[in-house]
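Asker: For reference, the file protein_19.pdb (PDB, C-alpha atoms) is included below:
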ATOM      1  CA  MET E 280     132.919  59.360 -24.584
ATOM      2  CA  VAL E 281     136.332  58.008 -25.483
ATOM      3  CA  SER E 282     138.805  57.740 -22.632
ATOM      4  CA  ASP E 283     142.364  59.106 -22.855
ATOM      5  CA  SER E 284     143.668  55.572 -22.744
ATOM      6  CA  SER E 285     141.537  54.585 -25.744
ATOM      7  CA  GLN E 286     142.553  57.751 -27.562
ATOM      8  CA  ASN E 287     146.219  56.832 -27.114
ATOM      9  CA  ASP E 288     145.485  53.317 -28.380
ATOM     10  CA  PHE E 289     143.828  54.712 -31.514
ATOM     11  CA  GLN E 290     146.897  56.839 -32.232
ATOM     12  CA  VAL E 291     149.191  53.836 -31.855
ATOM     13  CA  ILE E 292     146.936  51.777 -34.135
ATOM     14  CA  LYS E 293     147.017  54.546 -36.725
ATOM     15  CA  ARG E 294     150.814  54.530 -36.653
ATOM     16  CA  VAL E 295     150.927  50.731 -37.006
ATOM     17  CA  LEU E 296     148.540  50.832 -39.953
ATOM     18  CA  ASN E 297     150.700  53.506 -41.554
ATOM     19  CA  GLY E 298     153.584  51.070 -41.559
ATOM     20  CA  SER E 299     155.252  51.566 -38.187
ATOM     21  CA  THR E 300     155.038  47.916 -37.114
ATOM     22  CA  HIS E 301     157.288  48.387 -34.093
ATOM     23  CA  SER E 302     154.721  50.787 -32.564
ATOM     24  CA  TYR E 303     152.553  47.741 -31.889
ATOM     25  CA  SER E 304     154.907  46.809 -29.036
ATOM     26  CA  ALA E 305     153.362  49.666 -27.017
ATOM     27  CA  LEU E 306     149.993  47.904 -27.155
ATOM     28  CA  VAL E 307     151.545  44.532 -26.325
ATOM     29  CA  GLU E 308     153.353  46.032 -23.322
ATOM     30  CA  LYS E 309     150.217  47.786 -22.119
ATOM     31  CA  TYR E 310     147.803  44.862 -22.365
ATOM     32  CA  GLN E 311     150.080  41.852 -21.887
ATOM     33  CA  PRO E 312     149.717  41.577 -18.072
ATOM     34  CA  ARG E 313     145.912  41.783 -18.208
ATOM     35  CA  LEU E 314     145.451  39.586 -21.247
ATOM     36  CA  GLN E 315     147.893  36.952 -20.049
ATOM     37  CA  ILE E 316     146.190  36.622 -16.672
ATOM     38  CA  PHE E 317     142.785  36.517 -18.374
ATOM     39  CA  CYS E 318     143.854  33.683 -20.702
ATOM     40  CA  ALA E 319     145.596  31.838 -17.868
ATOM     41  CA  GLN E 320     142.469  32.063 -15.721
ATOM     42  CA  MET E 321     140.229  31.037 -18.615
ATOM     43  CA  LEU E 322     142.405  28.008 -19.366
ATOM     44  CA  SER E 323     143.423  27.299 -15.733
ATOM     45  CA  SER E 324     147.055  27.153 -16.775
ATOM     46  CA  LYS E 325     149.828  29.745 -16.715
ATOM     47  CA  GLU E 326     151.684  28.189 -19.645
ATOM     48  CA  ALA E 327     148.578  27.802 -21.803
ATOM     49  CA  GLY E 328     147.586  31.355 -20.876
ATOM     50  CA  ARG E 329     150.953  32.709 -22.005
ATOM     51  CA  ASP E 330     150.748  30.912 -25.346
ATOM     52  CA  ALA E 331     147.116  31.914 -25.871
ATOM     53  CA  SER E 332     147.817  35.577 -25.144
ATOM     54  CA  GLN E 333     150.731  35.570 -27.615
ATOM     55  CA  GLU E 334     148.474  34.076 -30.275
ATOM     56  CA  THR E 335     145.845  36.688 -29.453
ATOM     57  CA  PHE E 336     148.273  39.579 -29.971
ATOM     58  CA  ILE E 337     149.378  38.119 -33.292
ATOM     59  CA  LYS E 338     145.794  37.555 -34.450
ATOM     60  CA  ALA E 339     144.921  41.110 -33.394
ATOM     61  CA  PHE E 340     147.872  42.487 -35.352
ATOM     62  CA  GLN E 341     146.905  40.552 -38.453
ATOM     63  CA  SER E 342     143.319  41.844 -38.259
ATOM     64  CA  LEU E 343     144.152  45.372 -37.156
ATOM     65  CA  LYS E 344     142.712  46.798 -40.375
ATOM     66  CA  THR E 345     139.297  45.492 -39.377
ATOM     67  CA  PHE E 346     139.375  47.270 -36.006
ATOM     68  CA  ARG E 347     136.688  49.944 -35.770
ATOM     69  CA  ALA E 348     137.136  52.801 -33.345
ATOM     70  CA  ASP E 349     133.511  52.433 -32.149
ATOM     71  CA  SER E 350     134.787  50.254 -29.289
ATOM     72  CA  SER E 351     137.891  50.277 -27.151
ATOM     73  CA  PHE E 352     140.957  48.379 -28.295
ATOM     74  CA  ALA E 353     140.844  46.520 -24.953
ATOM     75  CA  ALA E 354     137.329  45.199 -25.643
ATOM     76  CA  TRP E 355     138.310  44.179 -29.185
ATOM     77  CA  LEU E 356     141.503  42.476 -27.988
ATOM     78  CA  PHE E 357     139.722  40.595 -25.213
ATOM     79  CA  GLN E 358     137.071  39.474 -27.692
ATOM     80  CA  ILE E 359     139.794  37.867 -29.812
ATOM     81  CA  GLY E 360     141.416  36.403 -26.685
ATOM     82  CA  ARG E 361     138.151  35.060 -25.336
ATOM     83  CA  ASN E 362     137.288  33.388 -28.656
ATOM     84  CA  HIS E 363     140.761  31.875 -28.904
ATOM     85  CA  CYS E 364     140.523  30.463 -25.360
ATOM     86  CA  ILE E 365     137.074  29.013 -26.051
ATOM     87  CA  ASP E 366     138.434  27.320 -29.192
ATOM     88  CA  LEU E 367     141.270  25.827 -27.153
ATOM     89  CA  LEU E 368     138.897  24.641 -24.430
ATOM     90  CA  ARG E 369     136.662  22.975 -27.029
ATOM     91  CA  LYS E 370     139.620  21.269 -28.705
ATOM     92  CA  ASN E 371     140.803  20.012 -25.337
ATOM     93  CA  LYS E 372     137.385  18.699 -24.394
ATOM     94  CA  ARG E 373     137.503  16.387 -27.403
ATOM     95  CA  ARG E 374     140.659  14.741 -26.087
ATOM     96  CA  PRO E 375     140.435  11.927 -23.513
ATOM     97  CA  GLN E 376     140.450  13.047 -19.882
ATOM     98  CA  SER E 377     143.750  12.792 -18.042
ATOM     99  CA  GLU E 378     144.114  10.490 -15.031
ATOM    100  CA  TYR E 379     144.763  13.482 -12.828
ATOM    101  CA  ASP E 380     141.247  14.754 -13.495
ATOM    102  CA  GLU E 381     139.690  11.591 -12.107
ATOM    103  CA  ASP E 382     141.162  12.311  -8.730
ATOM    104  CA  ARG E 383     139.208  15.503  -8.058
ATOM    105  CA  GLY E 384     136.980  15.682  -5.037
ATOM    106  CA  TYR E 385     134.591  18.086  -6.669
ATOM    107  CA  HIS E 386     133.130  16.907  -9.938
ATOM    108  CA  HIS E 387     131.857  19.367 -12.445
ATOM    109  CA  SER E 388     130.554  18.887 -15.964
ATOM    110  CA  ASN E 389     132.536  21.839 -17.308
ATOM    111  CA  LYS E 390     135.977  20.906 -16.032
ATOM    112  CA  THR E 391     138.635  21.254 -18.678
ATOM    113  CA  ASN E 392     141.646  19.181 -19.593
ATOM    114  CA  PHE E 393     143.850  22.127 -18.748
ATOM    115  CA  ASP E 394     142.968  21.160 -15.159
ATOM    116  CA  SER E 395     145.940  18.829 -15.063
ATOM    117  CA  LYS E 396     148.209  21.864 -15.239
ATOM    118  CA  ILE E 397     146.335  23.967 -12.737
ATOM    119  CA  GLU E 398     148.073  25.741  -9.942
ATOM    120  CA  ALA E 399     145.128  25.307  -7.583
ATOM    121  CA  LYS E 400     146.904  26.377  -4.429
ATOM    122  CA  ASP E 401     144.478  29.083  -3.456
ATOM    123  CA  LEU E 402     140.737  29.347  -3.233
ATOM    124  CA  THR E 403     140.441  31.773  -6.148
ATOM    125  CA  ALA E 404     142.062  29.331  -8.566
ATOM    126  CA  LYS E 405     139.851  26.523  -7.259
ATOM    127  CA  ILE E 406     136.704  28.597  -7.662
ATOM    128  CA  LEU E 407     137.634  29.546 -11.227
ATOM    129  CA  ARG E 408     138.354  25.937 -12.094
ATOM    130  CA  LEU E 409     134.999  24.797 -10.763
ATOM    131  CA  LEU E 410     132.986  27.551 -12.430
ATOM    132  CA  PRO E 411     131.290  26.588 -15.686
ATOM    133  CA  GLU E 412     133.026  28.168 -18.672
ATOM    134  CA  LYS E 413     130.081  30.485 -19.480
ATOM    135  CA  TYR E 414     130.235  31.944 -15.957
ATOM    136  CA  ARG E 415     134.009  31.944 -15.639
ATOM    137  CA  GLU E 416     134.498  34.284 -18.573
ATOM    138  CA  LEU E 417     131.944  36.759 -17.204
ATOM    139  CA  ILE E 418     133.471  36.782 -13.737
ATOM    140  CA  LEU E 419     136.907  37.344 -15.265
ATOM    141  CA  LEU E 420     135.809  40.095 -17.630
ATOM    142  CA  LYS E 421     133.933  41.950 -14.896
ATOM    143  CA  GLU E 422     135.877  41.276 -11.713
ATOM    144  CA  SER E 423     139.360  40.772 -13.073
ATOM    145  CA  GLN E 424     139.391  43.107 -16.066
ATOM    146  CA  ASP E 425     136.947  45.739 -14.790
ATOM    147  CA  LEU E 426     135.244  45.955 -18.168
ATOM    148  CA  THR E 427     131.860  47.624 -18.473
ATOM    149  CA  TYR E 428     128.644  45.669 -19.118
ATOM    150  CA  GLU E 429     128.568  47.166 -22.621
ATOM    151  CA  GLU E 430     132.101  45.982 -23.343
ATOM    152  CA  ILE E 431     131.347  42.510 -21.983
ATOM    153  CA  ALA E 432     128.224  42.347 -24.149
ATOM    154  CA  LYS E 433     130.338  43.167 -27.192
ATOM    155  CA  ILE E 434     133.073  40.684 -26.280
ATOM    156  CA  THR E 435     130.642  37.835 -25.674
ATOM    157  CA  SER E 436     128.330  38.841 -28.553
ATOM    158  CA  SER E 437     125.371  38.982 -26.148
ATOM    159  CA  SER E 438     122.749  41.513 -25.197
ATOM    160  CA  LEU E 439     123.228  43.801 -22.214
ATOM    161  CA  GLU E 440     120.345  42.146 -20.366
ATOM    162  CA  SER E 441     121.750  38.692 -21.009
ATOM    163  CA  VAL E 442     125.147  39.740 -19.620
ATOM    164  CA  LYS E 443     123.583  41.189 -16.475
ATOM    165  CA  GLY E 444     121.457  38.074 -15.939
ATOM    166  CA  ARG E 445     124.314  35.648 -16.501
ATOM    167  CA  LEU E 446     126.691  37.650 -14.329
ATOM    168  CA  LYS E 447     124.168  37.501 -11.511
ATOM    169  CA  ARG E 448     123.948  33.716 -11.879
ATOM    170  CA  ALA E 449     127.747  33.522 -12.079
ATOM    171  CA  ARG E 450     128.073  35.389  -8.776
ATOM    172  CA  ILE E 451     125.507  33.082  -7.156
ATOM    173  CA  GLU E 452     127.601  30.133  -8.353
ATOM    174  CA  VAL E 453     130.800  31.672  -6.938
ATOM    175  CA  ILE E 454     129.177  32.128  -3.546
ATOM    176  CA  LYS E 455     127.829  28.578  -3.657
ATOM    177  CA  ILE E 456     131.327  27.211  -4.266
ATOM    178  CA  MET E 457     132.775  29.455  -1.537
ATOM    179  CA  LYS E 458     130.228  28.125   0.922
ATOM    180  CA  ASP E 459     130.980  24.529  -0.089
ATOM    181  CA  PHE E 460     134.650  25.080   0.663
ATOM    182  CA  GLU E 461     133.843  26.878   3.885
ATOM    183  CA  LEU E 462     131.706  23.937   5.030
ATOM    184  CA  LYS E 463     134.455  21.451   4.165
ATOM    185  CA  ASP E 464     137.001  23.506   6.125
ATOM    186  CA  ASN E 465     134.767  23.607   9.184
ATOM    187  CA  ILE E 466     134.115  19.863   9.272
TER     188      ILE E 466
ATOM    189  CA  MET I 801     122.181  30.571   0.708
ATOM    190  CA  LYS I 802     120.318  33.824   1.108
ATOM    191  CA  LYS I 803     119.099  35.144  -2.217
ATOM    192  CA  GLN I 804     120.794  38.523  -1.867
ATOM    193  CA  ASP I 805     124.252  37.152  -1.026
ATOM    194  CA  ASN I 806     125.387  37.567  -4.627
ATOM    195  CA  ASP I 807     124.791  41.306  -4.191
ATOM    196  CA  ILE I 808     127.970  41.433  -2.084
ATOM    197  CA  PHE I 809     129.924  41.940  -5.315
ATOM    198  CA  GLU I 810     127.968  45.053  -6.265
ATOM    199  CA  ALA I 811     127.890  46.302  -2.683
ATOM    200  CA  ILE I 812     131.701  46.137  -2.475
ATOM    201  CA  ASP I 813     132.063  47.930  -5.822
ATOM    202  CA  LYS I 814     129.680  50.674  -4.773
ATOM    203  CA  GLY I 815     131.176  50.991  -1.281
ATOM    204  CA  GLN I 816     127.841  50.179   0.342
ATOM    205  CA  ASP I 817     127.313  49.035   3.915
ATOM    206  CA  LEU I 818     128.219  45.340   4.173
ATOM    207  CA  ASP I 819     126.782  44.742   7.659
ATOM    208  CA  LYS I 820     123.738  42.868   6.359
ATOM    209  CA  TYR I 821     125.933  40.140   4.812
ATOM    210  CA  PRO I 822     127.692  37.345   6.738
ATOM    211  CA  GLU I 823     131.116  38.573   7.785
ATOM    212  CA  ASP I 824     133.063  35.486   6.693
ATOM    213  CA  LEU I 825     131.411  35.557   3.254
ATOM    214  CA  VAL I 826     132.255  39.229   2.792
ATOM    215  CA  SER I 827     135.854  38.489   3.608
ATOM    216  CA  LEU I 828     135.939  35.616   1.087
ATOM    217  CA  VAL I 829     134.445  37.772  -1.678
ATOM    218  CA  VAL I 830     136.836  40.655  -0.902
ATOM    219  CA  ASP I 831     139.818  38.264  -1.121
ATOM    220  CA  PHE I 832     138.459  36.704  -4.311
ATOM    221  CA  LYS I 833     138.078  40.092  -5.981
ATOM    222  CA  LYS I 834     141.564  41.159  -4.836
ATOM    223  CA  ASP I 835     143.095  37.920  -6.116
ATOM    224  CA  LEU I 836     141.461  38.299  -9.510
ATOM    225  CA  LYS I 837     142.915  41.762  -9.965
ATOM    226  CA  LYS I 838     146.480  40.616  -9.287
ATOM    227  CA  VAL I 839     148.470  41.091 -12.449
ATOM    228  CA  SER I 840     152.144  40.638 -13.040
ATOM    229  CA  ASP I 841     154.433  43.366 -14.370
ATOM    230  CA  PRO I 842     154.880  43.665 -18.121
ATOM    231  CA  ASP I 843     157.176  40.915 -19.330
ATOM    232  CA  GLN I 844     159.712  42.241 -21.846
ATOM    233  CA  ILE I 845     160.587  38.723 -23.046
ATOM    234  CA  PHE I 846     156.942  38.180 -23.884
ATOM    235  CA  VAL I 847     156.762  41.486 -25.792
ATOM    236  CA  ASN I 848     159.950  40.645 -27.729
ATOM    237  CA  GLN I 849     158.621  37.196 -28.627
ATOM    238  CA  VAL I 850     155.358  38.661 -29.959
ATOM    239  CA  MET I 851     157.158  41.355 -31.956
ATOM    240  CA  SER I 852     159.609  38.848 -33.388
ATOM    241  CA  ARG I 853     156.733  36.623 -34.542
ATOM    242  CA  ILE I 854     154.944  39.626 -36.017
ATOM    243  CA  ARG I 855     158.009  40.523 -38.067
ATOM    244  CA  GLN I 856     158.046  36.957 -39.381
ATOM    245  CA  GLU I 857     154.311  36.985 -40.153
ATOM    246  CA  PRO I 858     153.665  40.452 -41.611
ATOM    247  CA  GLN I 859     150.240  42.030 -41.606
ATOM    248  CA  ARG I 860     147.898  40.624 -44.235
ATOM    249  CA  LYS I 861     147.904  42.765 -47.354
ATOM    250  CA  PHE I 862     146.017  42.614 -50.598
ATOM    251  CA  PRO I 863     146.994  39.520 -52.602
ATOM    252  CA  SER I 864     149.938  39.995 -54.917
ATOM    253  CA  PHE I 865     149.777  39.476 -58.673
ATOM    254  CA  PHE I 866     151.473  36.100 -58.275
ATOM    255  CA  GLU I 867     148.932  34.983 -55.703
ATOM    256  CA  ILE I 868     146.046  35.943 -57.997
ATOM    257  CA  PHE I 869     147.842  34.214 -60.889
ATOM    258  CA  SER I 870     148.102  31.055 -58.814
ATOM    259  CA  TRP I 871     144.319  31.110 -58.279
ATOM    260  CA  THR I 872     143.572  31.238 -62.049
ATOM    261  CA  PRO I 873     142.827  27.486 -62.459
ATOM    262  CA  GLN I 874     140.364  27.574 -59.537
ATOM    263  CA  ILE I 875     138.678  30.746 -60.821
ATOM    264  CA  ALA I 876     138.431  29.254 -64.334
ATOM    265  CA  GLY I 877     136.903  26.090 -62.892
ATOM    266  CA  VAL I 878     134.262  28.044 -60.964
ATOM    267  CA  LEU I 879     133.398  30.170 -64.017
ATOM    268  CA  ALA I 880     133.089  27.070 -66.218
ATOM    269  CA  SER I 881     130.785  25.407 -63.676
ATOM    270  CA  LEU I 882     128.631  28.526 -63.499
ATOM    271  CA  ALA I 883     128.402  28.739 -67.296
ATOM    272  CA  LEU I 884     127.428  25.056 -67.569
ATOM    273  CA  PHE I 885     124.817  25.459 -64.850
ATOM    274  CA  SER I 886     123.359  28.533 -66.561
ATOM    275  CA  PHE I 887     123.270  26.694 -69.917
ATOM    276  CA  GLN I 888     121.462  23.699 -68.386
ATOM    277  CA  GLN I 889     118.983  25.951 -66.619
ATOM    278  CA  ASN I 890     118.058  27.728 -69.881
ATOM    279  CA  PHE I 891     117.456  24.548 -71.850
ATOM    280  CA  SER I 892     115.487  22.743 -69.205
ATOM    281  CA  ASP I 893     113.128  25.565 -68.329
ATOM    282  CA  THR I 894     109.686  25.125 -69.959
ATOM    283  CA  SER I 895     107.747  27.516 -67.787
ATOM    284  CA  THR I 896     109.023  30.736 -69.264
ATOM    285  CA  GLY I 897     107.906  32.568 -72.372
ATOM    286  CA  PRO I 898     109.289  32.565 -75.869
ATOM    287  CA  THR I 899     112.140  34.918 -75.053
ATOM    288  CA  THR I 900     114.077  31.958 -73.638
ATOM    289  CA  TYR I 901     115.505  29.101 -75.620
ATOM    290  CA  SER I 902     113.033  26.583 -74.271
ATOM    291  CA  SER I 903     112.853  23.526 -76.517
ATOM    292  CA  ASN I 904     109.047  23.286 -76.255
ATOM    293  CA  VAL I 905     108.464  26.868 -77.208
ATOM    294  CA  TYR I 906     110.859  26.550 -80.085
ATOM    295  CA  PHE I 907     109.099  23.415 -81.316
ATOM    296  CA  ASN I 908     105.588  24.814 -80.947
ATOM    297  CA  ASP I 909     106.159  28.298 -82.189
ATOM    298  CA  SER I 910     108.880  28.003 -84.730
ATOM    299  CA  ILE I 911     109.431  24.521 -86.144
ATOM    300  CA  GLU I 912     105.838  23.892 -87.098
ATOM    301  CA  LYS I 913     105.654  27.231 -88.896
ATOM    302  CA  ASP I 914     108.982  26.660 -90.566
ATOM    303  CA  PRO I 915     108.499  25.905 -94.317
ATOM    304  CA  LEU I 916     111.479  23.575 -94.221
ATOM    305  CA  PHE I 917     109.775  21.537 -91.496
ATOM    306  CA  LYS I 918     106.644  21.178 -93.629
ATOM    307  CA  LYS I 919     108.669  20.166 -96.637
ATOM    308  CA  SER I 920     110.366  17.421 -94.750
ATOM    309  CA  SER I 921     107.014  15.768 -93.832
ATOM    310  CA  PRO I 922     105.731  12.984 -96.150
ATOM    311  CA  ASP I 923     103.203  14.189 -98.673
ATOM    312  CA  TYR I 924     100.261  11.780 -98.188
ATOM    313  CA  SER I 925      98.143  13.606-100.781
ATOM    314  CA  VAL I 926     100.258  11.945-103.507
ATOM    315  CA  LEU I 927      99.320   8.459-102.242
ATOM    316  CA  LEU I 928      95.665   9.374-102.170
ATOM    317  CA  HIS I 929      95.876  10.630-105.717
ATOM    318  CA  LEU I 930      97.480   7.359-106.860
ATOM    319  CA  GLU I 931      94.780   5.290-105.202
ATOM    320  CA  LEU I 932      92.065   7.250-106.926
ATOM    321  CA  GLU I 933      93.732   6.685-110.286
ATOM    322  CA  GLU I 934      93.793   2.908-109.759
TER     323      GLU I 934
END
Before we go any further, please render this structure as C-alpha cells.

Answerer:
Amino acid sequence: MVSDSSQNDFQVIKRVLNGSTHSYSALVEKYQPRLQIFCAQMLSSKEAGRDASQETFIKAFQSLKTFRADSSFAAWLFQIGRNHCIDLLRKNKRRPQSEYDEDRGYHHSNKTNFDSKIEAKDLTAKILRLLPEKYRELILLKESQDLTYEEIAKITSSSLESVKGRLKRARIEVIKIMKDFELKDNI
Amino acid sequence: MKKQDNDIFEAIDKGQDLDKYPEDLVSLVVDFKKDLKKVSDPDQIFVNQVMSRIRQEPQRKFPSFFEIFSWTPQIAGVLASLALFSFQQNFSDTSTGPTTYSSNVYFNDSIEKDPLFKKSSPDYSVLLHLELEE
C-alpha cells in the first residue's frame, strides 16, 4: 500500500526525471528538516549535519534514475544519508582525538570526533552522543523519523529480525544511560 | 535495571498503561522521545543552496561521444591485454585435444607425419650402405 505522501513523491520524481530539475526543490523542502536533524544527531553536530544533509540531497539527485518505486523516497533518501554519515564518522575516527574529548566524564568506545562540536546541553543530546553508532542510528530512524521496521531494515541493509533485536538492545542501552545520569543527579 | 524497562518505548507508542514502570523513568523516556521528534521549519536558504549546487552539477547522463573518445587508449590497452592473455593460454595448454594449437599435439600428430619433416632427417641408411661396400 503506497501512501499519498509517497505517491506525491513519485510524481515529483517523474517530473524531475523528465527534465524539470527545479521540481526537485519540492522534495528538498519536504525532507530537509527531518534529514538535517537526522544527520546532525548521527554526527552530534549541527554544522556537520547541515553539510551532510546537503551532500545527501545532491547524491540522491545524481542517482535519482536508480530509484525504484518499490520503497518510499524517504527510506531511500535516509539510506543515502545514513551511509554518508557512517562514511564521515569512519573518516573522523581515523583522525587523532581532540583534546576536548579527553575531558569527558563518561568514556565510551564509540565516541566520535564530532563530539568536540556537540551541543550537549540537554539529556537527549548526551544520550545520543554516548550511544554506540549501531544503536544510535536505529533509535534515530525509529524514534525520531518514525520509520517502519521494514523501512529501517532496508535502510540499514539488515533483516527485519535483526532490526527488531538491535532496536531492543538500543532501547536497553538508552535506559541504562538515563539511569546513570539519574544516579549522578541524585548524588 | 528491570528487564522489561525497555518496553516503555513500545508502551508509550501503543498508548498502554504505564503504571507498572517507574514514574521518573517514564517521564525521561517521554521527554527523550519528544526531543527526538523536534524538527526545525524548512530552511529556504538550505533549499536554495542545494538547488544551486544541483544546477552546477547536473544529473549524470550517458557518456558523451567525447568522453568515450577520451577512453579509447584505455579500452585499447585492455583489449590488447586480453588478446595477449588469450594467445598465451592457447599456446601453453597441453591438456586439450587436437582442435587447439597445442605445440605437443602439433608435434606428435602433424610434424612426424609431415613428409618434409622426414626429408629433413639424416638418412643413416646411406652410411650403412657405404660401410658394407668397404

Asker: Build an axis-aligned box that encloses every atom of segment 286-294 of chain E listed in the file, pad it by 6 Å on each side, and report its centre and edge lengths in Å to one decimal, as lines of an AutoDock Vina configuration file.

Answerer:
center_x = 146.7
center_y = 54.8
center_z = -31.9
size_x = 20.3
size_y = 18.0
size_z = 21.6

Asker: For the file shown, report as a PyMOL selection string the outcome of the PyMOL selection byres ((chain E) within 6 of (chain I)) at residue level.

Answerer: chain E and resi 308+312+341+403+423+450-451

Asker: Between atom CA of Glu461 of chain E and atom CA of Ile316 of chain E, what is the spacing in Å?

Answerer: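 We find that atom CA of Ile316 of chain E and atom CA of Glu461 of chain E lie 25.9 Å from each other.
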
Asker: Do you know which residues are at most 12 Å from segment 283-299 of chain E counting all atoms listed in the file, after dropping those on the same chain fewer than 6 positions away, and could you put them as a ChimeraX atom specification?

Answerer: /E:305-310,339-356 /I:854-855,858-861

Asker: Might you pull out every residue within 10 Å of Gln315 of chain E, with only C-alpha atoms counted and same-chain residues fewer than 4 positions away left off, and present them as a list in words?

Answerer: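 In the requested format, the answer is Tyr310, Gln311, Ala319, Gln320, Met321, Lys325, Glu326, Ala327, Gly328, Arg329, Asp330, Ala331, Ser332, Gln333, Thr335 and Gly360 of chain E; Val839, Ser840, Pro842 and Phe846 of chain I.
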
Asker: Please list as a PDB file with C-alpha atoms, in the coordinates of the input every residue within 8 Å of Leu417 of chain E, counting only C-alpha atoms and excluding residues in the same chain fewer than 4 positions away.

Answerer:
ATOM      1  CA  LYS E 413     130.081  30.485 -19.480  1.00  0.00           C
ATOM      2  CA  LYS E 421     133.933  41.950 -14.896  1.00  0.00           C
ATOM      3  CA  ILE E 431     131.347  42.510 -21.983  1.00  0.00           C
ATOM      4  CA  VAL E 442     125.147  39.740 -19.620  1.00  0.00           C
ATOM      5  CA  ARG E 445     124.314  35.648 -16.501  1.00  0.00           C
ATOM      6  CA  LEU E 446     126.691  37.650 -14.329  1.00  0.00           C
ATOM      7  CA  ALA E 449     127.747  33.522 -12.079  1.00  0.00           C
TER       8      ALA E 449
END

Asker: Could you check the closest approach to Glu334 of chain E for each of E:Ile359, E:Leu426, E:Leu439, E:Leu322 and tell me which residue wins, using all atoms listed in the file?

Answerer: E:Ile359

Asker: Starting from the displayed file, determine the output of the PyMOL selection byres ((chain E and resi 412) around 9) and express the residue list as a list in words.

Answerer: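 Selected by the PyMOL selection byres ((chain E and resi 412) around 9) in this file: Met321, Ile365, Leu368, Asn389, Lys390, Thr391, Leu407, Arg408, Leu409, Leu410, Pro411, Lys413, Tyr414, Arg415, Glu416 and Leu417 of chain E.
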
Asker: Which value, in Å to one decimal, gives the distance between atom CA of Ile434 of chain E and atom CA of Arg369 of chain E?

Answerer: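 These two atoms are separated by 18.1 Å.
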
Asker: To one decimal in Å, tell me the separation between atom CA of Lys458 of chain E and atom CA of Leu419 of chain E.

Answerer: 19.8 Å
